[in-house]
Amino acid sequence: MTSRPDNGALLELTRARILEFVREPEAVFWVFVFPVLMAVALGIAFRSQSGGRTQVALLAAGPPAARAELQERLQASPLLDVKVMDEASAALALRKTRVEVIVAVDAVAEAGAPPALTYRFDGARAEGRAARLLVDDVVQRAYGRGDAVTARDEDAPRRGARYIDFLIPGLIGLNLMGSGLWGIGFSVVIARTNKLLKRLAATPMRRGDYLLSIALSRLLFLGLEVAAIAGAGRLLFGVEVAGSIALLGLVSLLGALSFGGIGLLVAARPRTVEAVSGWMNLVQLPMWLLSGTFFSYERFPEFALPFIRALPLTALNDALRGVMNDGLGLAALWVPVLILLAWGLAGFAVAVRIFRWQ
Amino acid sequence: MTSSPVPAAAVSCRGLVKRYPDVVAVAGIDLEVRTGECFGLLGPNGAGKTTTVEMLEGLTTPDAGTIELLGQSWGRGDERSLRRQLGVHLQETKLSEKLTVRETVRLFRSFFAAGREVEEVIELAGLQEKRGARVGKLSGGQKQRLALACALVGDPKLLFLDEPSTGLDPQARLRVWEIVEQFKARGGTVILTTHYMEEAARLCDRVAIVDHGRVIALDTPAALVASLGASQIVSFTVDGELPEAALAALPGVRGVARQEAAWVLSVDQAGATLPALIALLESGGLRMDALSTHQATLEDVFVHLTGRGLRDQ
């Protein structure tokens with residue numbers, strides 16, 4: 001007979017959960033590989049579109065000599081990428097936003113005179129309006145308009161202003177939410193269906209230890225998850241962390257614990273995997289839509305913003321972007337940090353009370 | 001184990017009742033389990049055995065009745081200190097398939113302040129060759145022995161086993177029984193539910209026969225069988241009606257019961273009763289089918305008391 005303090009239970013429970021996770025190849029794929037693949041795919045897709053030059057379609061129809069001259073002058077601009085197209089393919093390209101503006105040569109009054117043009121573009125899109133102004137500026141200068149005011153351009157690229165810089169912190173946030181909820185929800189409900197929870201409840205194990213071990217086991221994977229996505233962003237797209245790595249770690253930790261608490265709450269009662277899946281989707285749906293993972297939530301109406309900012313994923317994304325893109329310190333991030341803390345603690349506290357052991 | 005005086009009754013309960021919306025699972029059960037004995041609850045599926053045991057284990061709250069285990073009660077005082085003295089085996093628990101045998105036992109060991117060595121319990125369960133194997137790769141019998149190892153690793157005074165050998169082949173069942181017998185030999189108290197009368201007869205010092213949430217008989221297995229007043233059982237079916245009184249009047253017949261279509265006679269000596277039975281049937285022009293005779297068992301006690309078999313629905 002041996003004797004030792006039974007506070008090793010928390011450690012053993014955490015260890016067991018970590019072993020269970022790493023022995024589940026699918027789980028490893030969804031947590032680590034999938035988000036990196038997603039970052040790569042989205043990064044490539046959006047990089048090619050925002051490659052710098054404005055895409056212009058020049059219609060092949062119209063007086064050939066004037067069209068050829070216009071094409072030459074447009075192509076002389078380093079800001080434009082001009083392709084000659086027929087009517088149908090130009091219209092299609094505009095619809096698919098492969099080009100932002102179509103230029104048509106309508107008529108030439110006499111040989112050598114400037115042509116009359118039509119710009120066709122989507123005025124509802126900022127990119128369309130900008131492209132039209134840019135093309136018109138190039139055309140007017142090329143045919144002799146001078147500048148009334150001397151102005152000098154100064155290129156001041158903001159760190160982290162590209163789409164991929166915006167996207168990577170969002171993907172980290174989204175992944176912390178997904179792995180927190182799914183990782184906890186499924187394993188808890190399966191343990192309940194298998195009567196393993198009931199069996200554990202029949203031992204002198206502290207029930208809080210079990211719940212805590214679930215949250216703790218997330219911490220180990222958390223570091224790897226964040227490192228996988230941030231590392232892929234840095235290696236493939238040069239996405240830098242503007243602020244401190246330690247603060248990025250702290251914010252991620254808070255995010256993981258917050259979704260750990262929420263995951264436990266969602267998994268506290270359901271008896272079947274189907275039921276818990278439904279709840280998981282219901283909980284995540286508003287955050288998928290509203291929390292600004294793929295585009296800024298500032299586009300939603302003003303009155304909705306306070307609600308959107310109170311969502312845990314919004315708070316996490318804001319804090320991650322604050323650290324990664326804007327280089328902010330903890331003092332500037334206290335609002336999202338408190339929101340995350342509140343969600344995590346409330347989730348955990350309620351989960352402990354209503355948890356169904358059998 | 002502590003040196004505090006051990007109460008004579010390891011477990012006692014009075015008037016246990018548990019109602020579910022559609023059924024009264026336990027309809028008033030009184031039990032007294034002595035320290036060091038193996039006490040069996042024998043009955044068919046749905047008799048209320050599991051509900052009774054789970055109330056004793058503190059997993060289900062009774063609607064009425066009192067429970068005392070090792071001098072303590074649930075819901076009062078330090079439940080964890082009580083749980084430290086219990087070993088529990090539940091029906092249908094699936095342990096995590098991704099963990100190995102050793103990791104699983106080690107996990108359960110960590111819940112107990114004092115207990116047995118992990119390796120010692122693995123050997124006790126005869127799993128030493130499987131200690132590094134994942135639970136998902138074990139056979140049914142090995143999984144059941146692992147569940148026993150997890151129940152024994154806290155060195156309990158009182159062991160609850162709910163259908164410990166259901167679904168196992170005879171060989172695997174025998175190995176489970178040996179583990180329970182070793183625990184008994186160390187002086188442990190066992191409460192066991194089963195619907196196998198062989199299991200109850202082999203392991204249990206006393207057996208309570210449970211049906212419809214009540215104890216309908218309680219004694220040692222030998223005394224229960226002896227209560228039939230007969231040592232052999234003759235059962236048969238006939239293709240017509242037969243007066244029960246005529247059967248009871250046959251030589252050596254101690255009891256007559258129906259089990260569905262079959263007649264079941266409890267007799268002193270099958271050899272003495274059978275010729276008279278055949279003569280009786282011939283005189284009535286009846287034909288006999290499915291005749292069998294065997295030594296009386298606990299199953300026959302159950303049939304005698306309820307008119308049903310243990311494995312009938």
# chains A, B, ... in the order shown; residues from 1 in each chain; ligands from 1

$ residues_around --residues "A:Val323" --least-positions-apart "2" --cutoff "8 Å" --atoms "only C-alpha atoms" --output "MDAnalysis selection string"
chainID A and resid 241:244 247:248 319:321 325:329

$ interface_residues --of "chain A" --to "chain B" --cutoff "12 Å" --atoms "only C-alpha atoms" --output "PDB file with N, CA and C atoms, in the first residue's frame"
ATOM      1  N   MET A   1       0.841  -1.194   0.000  1.00  0.00           N
ATOM      2  CA  MET A   1       0.000   0.000   0.000  1.00  0.00           C
ATOM      3  C   MET A   1       0.881   1.251   0.000  1.00  0.00           C
ATOM      4  N   THR A   2       0.550   2.188  -0.852  1.00  0.00           N
ATOM      5  CA  THR A   2       1.321   3.428  -0.915  1.00  0.00           C
ATOM      6  C   THR A   2       0.415   4.596  -0.575  1.00  0.00           C
ATOM      7  N   SER A   3       1.068   5.680  -0.202  1.00  0.00           N
ATOM      8  CA  SER A   3       0.314   6.863   0.160  1.00  0.00           C
ATOM      9  C   SER A   3       0.910   8.064  -0.532  1.00  0.00           C
ATOM     10  N   ARG A   4       0.058   8.898  -1.114  1.00  0.00           N
ATOM     11  CA  ARG A   4       0.560  10.167  -1.658  1.00  0.00           C
ATOM     12  C   ARG A   4      -0.615  11.126  -1.713  1.00  0.00           C
ATOM     13  N   PRO A   5      -0.347  12.422  -1.665  1.00  0.00           N
ATOM     14  CA  PRO A   5      -1.460  13.361  -1.675  1.00  0.00           C
ATOM     15  C   PRO A   5      -2.240  13.221  -2.976  1.00  0.00           C
ATOM     16  N   ASP A   6      -3.548  13.326  -2.905  1.00  0.00           N
ATOM     17  CA  ASP A   6      -4.350  13.070  -4.098  1.00  0.00           C
ATOM     18  C   ASP A   6      -4.480  14.313  -4.975  1.00  0.00           C
ATOM     19  N   ASN A   7      -3.641  15.346  -4.714  1.00  0.00           N
ATOM     20  CA  ASN A   7      -3.732  16.485  -5.618  1.00  0.00           C
ATOM     21  C   ASN A   7      -3.019  16.212  -6.934  1.00  0.00           C
ATOM     22  N   GLY A   8      -2.437  15.018  -7.088  1.00  0.00           N
ATOM     23  CA  GLY A   8      -1.914  14.631  -8.394  1.00  0.00           C
ATOM     24  C   GLY A   8      -3.025  14.405  -9.403  1.00  0.00           C
ATOM     25  N   ALA A   9      -4.265  14.372  -8.929  1.00  0.00           N
ATOM     26  CA  ALA A   9      -5.381  14.050  -9.814  1.00  0.00           C
ATOM     27  C   ALA A   9      -5.531  15.062 -10.938  1.00  0.00           C
ATOM     28  N   LEU A  10      -5.389  16.341 -10.608  1.00  0.00           N
ATOM     29  CA  LEU A  10      -5.548  17.376 -11.630  1.00  0.00           C
ATOM     30  C   LEU A  10      -4.511  17.177 -12.738  1.00  0.00           C
ATOM     31  N   LEU A  11      -3.290  16.896 -12.306  1.00  0.00           N
ATOM     32  CA  LEU A  11      -2.208  16.676 -13.255  1.00  0.00           C
ATOM     33  C   LEU A  11      -2.487  15.445 -14.127  1.00  0.00           C
ATOM     34  N   GLU A  12      -2.909  14.354 -13.475  1.00  0.00           N
ATOM     35  CA  GLU A  12      -3.164  13.110 -14.206  1.00  0.00           C
ATOM     36  C   GLU A  12      -4.328  13.276 -15.180  1.00  0.00           C
ATOM     37  N   LEU A  13      -5.367  13.978 -14.749  1.00  0.00           N
ATOM     38  CA  LEU A  13      -6.517  14.201 -15.631  1.00  0.00           C
ATOM     39  C   LEU A  13      -6.099  15.024 -16.847  1.00  0.00           C
ATOM     40  N   THR A  14      -5.289  16.048 -16.603  1.00  0.00           N
ATOM     41  CA  THR A  14      -4.829  16.890 -17.704  1.00  0.00           C
ATOM     42  C   THR A  14      -3.962  16.075 -18.663  1.00  0.00           C
ATOM     43  N   ARG A  15      -3.075  15.283 -18.066  1.00  0.00           N
ATOM     44  CA  ARG A  15      -2.192  14.443 -18.879  1.00  0.00           C
ATOM     45  C   ARG A  15      -3.008  13.481 -19.743  1.00  0.00           C
ATOM     46  N   ALA A  16      -4.010  12.862 -19.124  1.00  0.00           N
ATOM     47  CA  ALA A  16      -4.837  11.904 -19.859  1.00  0.00           C
ATOM     48  C   ALA A  16      -5.529  12.592 -21.034  1.00  0.00           C
ATOM     49  N   ARG A  17      -6.025  13.804 -20.806  1.00  0.00           N
ATOM     50  CA  ARG A  17      -6.731  14.503 -21.877  1.00  0.00           C
ATOM     51  C   ARG A  17      -5.791  14.862 -23.012  1.00  0.00           C
ATOM     52  N   ILE A  18      -4.573  15.253 -22.658  1.00  0.00           N
ATOM     53  CA  ILE A  18      -3.607  15.605 -23.701  1.00  0.00           C
ATOM     54  C   ILE A  18      -3.276  14.365 -24.530  1.00  0.00           C
ATOM     55  N   LEU A  19      -3.076  13.236 -23.842  1.00  0.00           N
ATOM     56  CA  LEU A  19      -2.776  11.995 -24.567  1.00  0.00           C
ATOM     57  C   LEU A  19      -3.924  11.619 -25.491  1.00  0.00           C
ATOM     58  N   GLU A  20      -5.149  11.734 -24.981  1.00  0.00           N
ATOM     59  CA  GLU A  20      -6.308  11.399 -25.812  1.00  0.00           C
ATOM     60  C   GLU A  20      -6.337  12.254 -27.067  1.00  0.00           C
ATOM     61  N   PHE A  21      -6.017  13.543 -26.890  1.00  0.00           N
ATOM     62  CA  PHE A  21      -6.079  14.453 -28.034  1.00  0.00           C
ATOM     63  C   PHE A  21      -5.020  14.113 -29.077  1.00  0.00           C
ATOM     64  N   VAL A  22      -3.767  13.944 -28.631  1.00  0.00           N
ATOM     65  CA  VAL A  22      -2.720  13.734 -29.637  1.00  0.00           C
ATOM     66  C   VAL A  22      -2.853  12.373 -30.299  1.00  0.00           C
ATOM     67  N   ARG A  23      -3.609  11.460 -29.689  1.00  0.00           N
ATOM     68  CA  ARG A  23      -3.805  10.151 -30.319  1.00  0.00           C
ATOM     69  C   ARG A  23      -5.005  10.145 -31.255  1.00  0.00           C
ATOM     70  N   GLU A  24      -5.555  11.318 -31.505  1.00  0.00           N
ATOM     71  CA  GLU A  24      -6.718  11.428 -32.402  1.00  0.00           C
ATOM     72  C   GLU A  24      -6.267  12.214 -33.635  1.00  0.00           C
ATOM     73  N   PRO A  25      -5.821  11.521 -34.692  1.00  0.00           N
ATOM     74  CA  PRO A  25      -5.219  12.237 -35.823  1.00  0.00           C
ATOM     75  C   PRO A  25      -6.145  13.285 -36.442  1.00  0.00           C
ATOM     76  N   SER A 187     -15.612  15.840 -26.504  1.00  0.00           N
ATOM     77  CA  SER A 187     -15.033  14.851 -25.596  1.00  0.00           C
ATOM     78  C   SER A 187     -15.857  14.746 -24.311  1.00  0.00           C
ATOM     79  N   VAL A 188     -16.418  15.850 -23.846  1.00  0.00           N
ATOM     80  CA  VAL A 188     -17.224  15.778 -22.623  1.00  0.00           C
ATOM     81  C   VAL A 188     -18.504  14.982 -22.881  1.00  0.00           C
ATOM     82  N   ILE A 190     -19.090  12.768 -25.227  1.00  0.00           N
ATOM     83  CA  ILE A 190     -18.801  11.348 -25.457  1.00  0.00           C
ATOM     84  C   ILE A 190     -18.518  10.660 -24.130  1.00  0.00           C
ATOM     85  N   ALA A 191     -17.789  11.325 -23.250  1.00  0.00           N
ATOM     86  CA  ALA A 191     -17.533  10.737 -21.928  1.00  0.00           C
ATOM     87  C   ALA A 191     -18.842  10.544 -21.161  1.00  0.00           C
ATOM     88  N   ARG A 192     -19.800  11.445 -21.389  1.00  0.00           N
ATOM     89  CA  ARG A 192     -21.091  11.308 -20.712  1.00  0.00           C
ATOM     90  C   ARG A 192     -21.872  10.136 -21.307  1.00  0.00           C
ATOM     91  N   THR A 193     -21.910  10.055 -22.637  1.00  0.00           N
ATOM     92  CA  THR A 193     -22.623   8.944 -23.286  1.00  0.00           C
ATOM     93  C   THR A 193     -22.013   7.605 -22.889  1.00  0.00           C
ATOM     94  N   ASN A 194     -20.698   7.569 -22.761  1.00  0.00           N
ATOM     95  CA  ASN A 194     -20.020   6.323 -22.400  1.00  0.00           C
ATOM     96  C   ASN A 194     -20.098   6.026 -20.911  1.00  0.00           C
ATOM     97  N   LYS A 195     -20.823   6.824 -20.176  1.00  0.00           N
ATOM     98  CA  LYS A 195     -20.969   6.667 -18.719  1.00  0.00           C
ATOM     99  C   LYS A 195     -19.634   6.830 -18.003  1.00  0.00           C
ATOM    100  N   LEU A 196     -18.652   7.392 -18.697  1.00  0.00           N
ATOM    101  CA  LEU A 196     -17.355   7.605 -18.052  1.00  0.00           C
ATOM    102  C   LEU A 196     -17.459   8.709 -17.002  1.00  0.00           C
ATOM    103  N   LEU A 197     -18.281   9.714 -17.277  1.00  0.00           N
ATOM    104  CA  LEU A 197     -18.452  10.799 -16.296  1.00  0.00           C
ATOM    105  C   LEU A 197     -19.063  10.251 -15.011  1.00  0.00           C
ATOM    106  N   LYS A 198     -20.044   9.344 -15.180  1.00  0.00           N
ATOM    107  CA  LYS A 198     -20.685   8.753 -14.010  1.00  0.00           C
ATOM    108  C   LYS A 198     -19.675   7.938 -13.214  1.00  0.00           C
ATOM    109  N   ARG A 199     -18.824   7.210 -13.949  1.00  0.00           N
ATOM    110  CA  ARG A 199     -17.812   6.395 -13.292  1.00  0.00           C
ATOM    111  C   ARG A 199     -16.835   7.282 -12.511  1.00  0.00           C
ATOM    112  N   LEU A 200     -16.464   8.406 -13.108  1.00  0.00           N
ATOM    113  CA  LEU A 200     -15.559   9.335 -12.422  1.00  0.00           C
ATOM    114  C   LEU A 200     -16.247   9.938 -11.202  1.00  0.00           C
ATOM    115  N   ALA A 201     -17.545  10.219 -11.341  1.00  0.00           N
ATOM    116  CA  ALA A 201     -18.279  10.812 -10.217  1.00  0.00           C
ATOM    117  C   ALA A 201     -18.374   9.833  -9.054  1.00  0.00           C
ATOM    118  N   ALA A 202     -18.179   8.546  -9.329  1.00  0.00           N
ATOM    119  CA  ALA A 202     -18.242   7.540  -8.266  1.00  0.00           C
ATOM    120  C   ALA A 202     -16.911   7.398  -7.532  1.00  0.00           C
ATOM    121  N   THR A 203     -15.885   8.110  -7.993  1.00  0.00           N
ATOM    122  CA  THR A 203     -14.598   8.081  -7.297  1.00  0.00           C
ATOM    123  C   THR A 203     -14.495   9.316  -6.402  1.00  0.00           C
ATOM    124  N   PRO A 204     -13.492   9.347  -5.519  1.00  0.00           N
ATOM    125  CA  PRO A 204     -13.341  10.564  -4.700  1.00  0.00           C
ATOM    126  C   PRO A 204     -12.746  11.745  -5.461  1.00  0.00           C
ATOM    127  N   MET A 205     -12.617  11.629  -6.779  1.00  0.00           N
ATOM    128  CA  MET A 205     -12.098  12.753  -7.573  1.00  0.00           C
ATOM    129  C   MET A 205     -12.885  14.026  -7.268  1.00  0.00           C
ATOM    130  N   ARG A 206     -12.166  15.152  -7.120  1.00  0.00           N
ATOM    131  CA  ARG A 206     -12.861  16.436  -6.993  1.00  0.00           C
ATOM    132  C   ARG A 206     -13.465  16.750  -8.343  1.00  0.00           C
ATOM    133  N   ARG A 207     -14.757  17.059  -8.359  1.00  0.00           N
ATOM    134  CA  ARG A 207     -15.407  17.258  -9.649  1.00  0.00           C
ATOM    135  C   ARG A 207     -14.864  18.484 -10.364  1.00  0.00           C
ATOM    136  N   ASP A 209     -11.847  19.371 -10.382  1.00  0.00           N
ATOM    137  CA  ASP A 209     -10.576  18.993 -11.003  1.00  0.00           C
ATOM    138  C   ASP A 209     -10.787  18.532 -12.436  1.00  0.00           C
ATOM    139  N   TYR A 210     -11.848  17.764 -12.643  1.00  0.00           N
ATOM    140  CA  TYR A 210     -12.109  17.254 -13.991  1.00  0.00           C
ATOM    141  C   TYR A 210     -12.353  18.421 -14.948  1.00  0.00           C
ATOM    142  N   ARG A 356     -23.916  17.956 -15.852  1.00  0.00           N
ATOM    143  CA  ARG A 356     -24.620  16.678 -15.704  1.00  0.00           C
ATOM    144  C   ARG A 356     -23.585  15.553 -15.739  1.00  0.00           C
ATOM    145  N   TRP A 357     -23.497  14.827 -14.638  1.00  0.00           N
ATOM    146  CA  TRP A 357     -22.484  13.768 -14.555  1.00  0.00           C
ATOM    147  C   TRP A 357     -23.005  12.441 -15.070  1.00  0.00           C
ATOM    148  N   GLN A 358     -24.300  12.305 -15.259  1.00  0.00           N
ATOM    149  CA  GLN A 358     -24.813  11.028 -15.776  1.00  0.00           C
ATOM    150  C   GLN A 358     -26.029  11.240 -16.652  1.00  0.00           C
TER     151      GLN A 358
END

$ residues_around --residues "stretch 271-288 of chain B" --least-positions-apart "2" --cutoff "7 Å" --atoms "only C-alpha atoms" --output "list in words"
Phe236, Thr237, Val238, Asp239, Gly240, Leu250, Pro251, Gly252 and Gln269 of chain B

$ select_by_dssp --residues "stretch 23-256 of chain B" --states "strand (DSSP E or B)" --output "PyMOL selection string"
chain B and resi 23-34+38-42+64-69+72+86-89+100+114-115+134+158-162+189-194+206-211+214-219+232-238+253-256

$ residues_around --residues "A:Val239" --least-positions-apart "3" --cutoff "9 Å" --atoms "only C-alpha atoms" --output "list in words"
Gly160, Ile164, Asp165, Ile168, Ala230, Gly231, Ala232, Gly233, Arg234, Leu235, Leu236, Met324 and Asn325 of chain A

$ write_last_selection --atoms "C-alpha atoms" --output "JSON list (two decimals), in the first residue's frame"
[["chain", "number", "residue", "atom", "x", "y", "z"],
["A", 160, "GLY", "CA", -0.03, 45.42, -40.96],
["A", 164, "ILE", "CA", -3.37, 39.08, -44.91],
["A", 165, "ASP", "CA", -2.13, 41.10, -41.91],
["A", 168, "ILE", "CA", -4.02, 36.15, -39.68],
["A", 230, "ALA", "CA", 1.30, 32.99, -36.81],
["A", 231, "GLY", "CA", 4.35, 31.09, -38.06],
["A", 232, "ALA", "CA", 2.70, 30.28, -41.38],
["A", 233, "GLY", "CA", 1.66, 33.93, -41.73],
["A", 234, "ARG", "CA", 5.17, 35.12, -41.08],
["A", 235, "LEU", "CA", 6.99, 32.59, -43.27],
["A", 236, "LEU", "CA", 4.64, 32.74, -46.24],
["A", 324, "MET", "CA", -0.16, 41.92, -33.95],
["A", 325, "ASN", "CA", -1.09, 44.79, -36.28]]

$ residues_around --residues "A:Ala268" --least-positions-apart "5" --cutoff "12 Å" --atoms "only C-alpha atoms" --output "short mmCIF file (atom, residue, chain, number, x, y, z; two decimals) with N, CA and C atoms, in the first residue's frame"
data_model
loop_
_atom_site.label_atom_id
_atom_site.label_comp_id
_atom_site.auth_asym_id
_atom_site.auth_seq_id
_atom_site.Cartn_x
_atom_site.Cartn_y
_atom_site.Cartn_z
N LEU A 181 -14.36 25.13 -28.40
CA LEU A 181 -15.72 24.61 -28.29
C LEU A 181 -15.81 23.15 -28.72
N ILE A 184 -13.68 20.61 -26.53
CA ILE A 184 -14.24 20.31 -25.21
C ILE A 184 -15.61 19.66 -25.35
N GLY A 185 -16.44 20.24 -26.22
CA GLY A 185 -17.82 19.77 -26.32
C GLY A 185 -17.91 18.29 -26.65
N PHE A 186 -17.20 17.89 -27.70
CA PHE A 186 -17.32 16.49 -28.11
C PHE A 186 -16.80 15.54 -27.03
N SER A 187 -15.61 15.84 -26.50
CA SER A 187 -15.03 14.85 -25.60
C SER A 187 -15.86 14.75 -24.31
N VAL A 188 -16.42 15.85 -23.85
CA VAL A 188 -17.22 15.78 -22.62
C VAL A 188 -18.50 14.98 -22.88
N VAL A 189 -19.15 15.26 -24.01
CA VAL A 189 -20.42 14.58 -24.26
C VAL A 189 -20.19 13.09 -24.54
N ILE A 190 -19.09 12.77 -25.23
CA ILE A 190 -18.80 11.35 -25.46
C ILE A 190 -18.52 10.66 -24.13
N ALA A 191 -17.79 11.33 -23.25
CA ALA A 191 -17.53 10.74 -21.93
C ALA A 191 -18.84 10.54 -21.16
N ARG A 192 -19.80 11.45 -21.39
CA ARG A 192 -21.09 11.31 -20.71
C ARG A 192 -21.87 10.14 -21.31
N LEU A 197 -18.28 9.71 -17.28
CA LEU A 197 -18.45 10.80 -16.30
C LEU A 197 -19.06 10.25 -15.01
N LEU A 211 -13.21 19.35 -14.52
CA LEU A 211 -13.54 20.47 -15.39
C LEU A 211 -12.32 21.36 -15.62
N GLY A 260 -12.75 28.01 -23.47
CA GLY A 260 -12.81 26.80 -22.64
C GLY A 260 -14.01 26.84 -21.71
N GLY A 261 -14.20 27.98 -21.05
CA GLY A 261 -15.35 28.13 -20.15
C GLY A 261 -16.66 28.02 -20.89
N ILE A 262 -16.73 28.68 -22.07
CA ILE A 262 -17.96 28.63 -22.85
C ILE A 262 -18.20 27.21 -23.36
N GLY A 263 -17.12 26.54 -23.78
CA GLY A 263 -17.25 25.15 -24.26
C GLY A 263 -17.79 24.24 -23.17
N ALA A 275 -26.84 16.62 -30.22
CA ALA A 275 -27.36 17.77 -29.49
C ALA A 275 -26.26 18.78 -29.24
N VAL A 276 -25.11 18.31 -28.84
CA VAL A 276 -24.05 19.26 -28.52
C VAL A 276 -23.55 19.95 -29.79
N TRP A 279 -25.86 22.84 -30.47
CA TRP A 279 -25.60 23.97 -29.57
C TRP A 279 -24.32 24.70 -29.95
N MET A 280 -23.29 23.91 -30.30
CA MET A 280 -22.01 24.52 -30.68
C MET A 280 -22.20 25.45 -31.88
N GLY A 347 -18.78 31.42 -17.89
CA GLY A 347 -19.03 30.10 -18.49
C GLY A 347 -18.63 28.99 -17.53
N PHE A 348 -17.43 29.11 -16.97
CA PHE A 348 -16.93 28.07 -16.07
C PHE A 348 -17.81 27.97 -14.82
N ALA A 349 -18.14 29.12 -14.24
CA ALA A 349 -18.92 29.12 -12.99
C ALA A 349 -20.28 28.47 -13.20
N VAL A 350 -20.95 28.82 -14.30
CA VAL A 350 -22.28 28.24 -14.53
C VAL A 350 -22.15 26.76 -14.88
N ALA A 351 -21.13 26.42 -15.69
CA ALA A 351 -20.94 25.02 -16.09
C ALA A 351 -20.77 24.13 -14.86
N VAL A 352 -19.96 24.57 -13.89
CA VAL A 352 -19.73 23.76 -12.70
C VAL A 352 -21.05 23.49 -11.97
N ARG A 353 -21.92 24.50 -11.96
CA ARG A 353 -23.18 24.33 -11.24
C ARG A 353 -24.16 23.40 -11.93
N ILE A 354 -24.23 23.49 -13.26
CA ILE A 354 -25.30 22.74 -13.94
C ILE A 354 -24.78 21.47 -14.59
N PHE A 355 -23.49 21.15 -14.40
CA PHE A 355 -22.89 20.03 -15.12
C PHE A 355 -23.62 18.71 -14.81
N ARG A 356 -23.92 17.96 -15.85
CA ARG A 356 -24.62 16.68 -15.70
C ARG A 356 -23.58 15.55 -15.74
N TRP A 357 -23.50 14.83 -14.64
CA TRP A 357 -22.48 13.77 -14.55
C TRP A 357 -23.01 12.44 -15.07
N GLN A 358 -24.30 12.31 -15.26
CA GLN A 358 -24.81 11.03 -15.78
C GLN A 358 -26.03 11.24 -16.65
#

$ residues_around --residues "B:Val24" --least-positions-apart "3" --cutoff "9 Å" --atoms "only C-alpha atoms" --output "PyMOL selection string"
chain B and resi 17-21+27+48+212-213

$ write_last_selection --atoms "C-alpha atoms" --output "PDB file, in the first residue's frame"
ATOM      1  CA  VAL B  17     -37.844   3.749  -3.137  1.00  0.00           C
ATOM      2  CA  LYS B  18     -37.047   5.194  -6.550  1.00  0.00           C
ATOM      3  CA  ARG B  19     -39.760   6.244  -8.963  1.00  0.00           C
ATOM      4  CA  TYR B  20     -39.238   7.307 -12.547  1.00  0.00           C
ATOM      5  CA  PRO B  21     -41.970   8.994 -14.577  1.00  0.00           C
ATOM      6  CA  ALA B  27     -40.521  -0.229  -4.519  1.00  0.00           C
ATOM      7  CA  GLY B  48     -34.372  -2.639 -10.044  1.00  0.00           C
ATOM      8  CA  HIS B 212     -40.278  -5.660  -9.756  1.00  0.00           C
ATOM      9  CA  GLY B 213     -38.302  -3.497  -7.346  1.00  0.00           C
TER      10      GLY B 213
END

$ residues_around --residues "B:Gly132" --least-positions-apart "3" --cutoff "12 Å" --atoms "only C-alpha atoms" --output "ChimeraX atom specification"
/B:98-105,119,122,127-129,135-138

$ write_last_selection --atoms "C-alpha atoms" --output "PDB file, in the first residue's frame"
ATOM      1  CA  LYS B  98      -7.133   6.184 -26.537  1.00  0.00           C
ATOM      2  CA  LEU B  99      -5.414   5.573 -23.197  1.00  0.00           C
ATOM      3  CA  THR B 100      -3.354   2.499 -22.398  1.00  0.00           C
ATOM      4  CA  VAL B 101      -4.133   0.060 -19.610  1.00  0.00           C
ATOM      5  CA  ARG B 102      -1.424   1.511 -17.395  1.00  0.00           C
ATOM      6  CA  GLU B 103      -2.451   5.119 -18.063  1.00  0.00           C
ATOM      7  CA  THR B 104      -6.050   4.296 -17.201  1.00  0.00           C
ATOM      8  CA  VAL B 105      -5.229   2.596 -13.903  1.00  0.00           C
ATOM      9  CA  GLU B 119       1.440  -2.416 -11.356  1.00  0.00           C
ATOM     10  CA  ILE B 122      -2.655  -4.596 -13.264  1.00  0.00           C
ATOM     11  CA  LEU B 127      -3.353  -7.562 -17.641  1.00  0.00           C
ATOM     12  CA  GLN B 128       0.423  -7.384 -17.252  1.00  0.00           C
ATOM     13  CA  GLU B 129       0.960  -8.367 -20.882  1.00  0.00           C
ATOM     14  CA  VAL B 135      -8.028   0.218 -24.141  1.00  0.00           C
ATOM     15  CA  GLY B 136      -9.681   0.217 -27.567  1.00  0.00           C
ATOM     16  CA  LYS B 137      -7.637  -2.844 -28.549  1.00  0.00           C
ATOM     17  CA  LEU B 138      -8.669  -4.973 -25.570  1.00  0.00           C
TER      18      LEU B 138
END

$ closest_residue --among "B:Val23, B:Val176, B:Ala64, B:Leu224" --to "B:Met197" --atoms "only C-alpha atoms"
B:Leu224

$ select_by_dssp --residues "stretch 185-355 of chain A" --states "helix (DSSP H, G or I)" --output "count of residues only"
136

$ atom_distance --atom1 "atom CA of A:Gly112" --atom2 "atom CA of A:Ala142"
13.3 Å
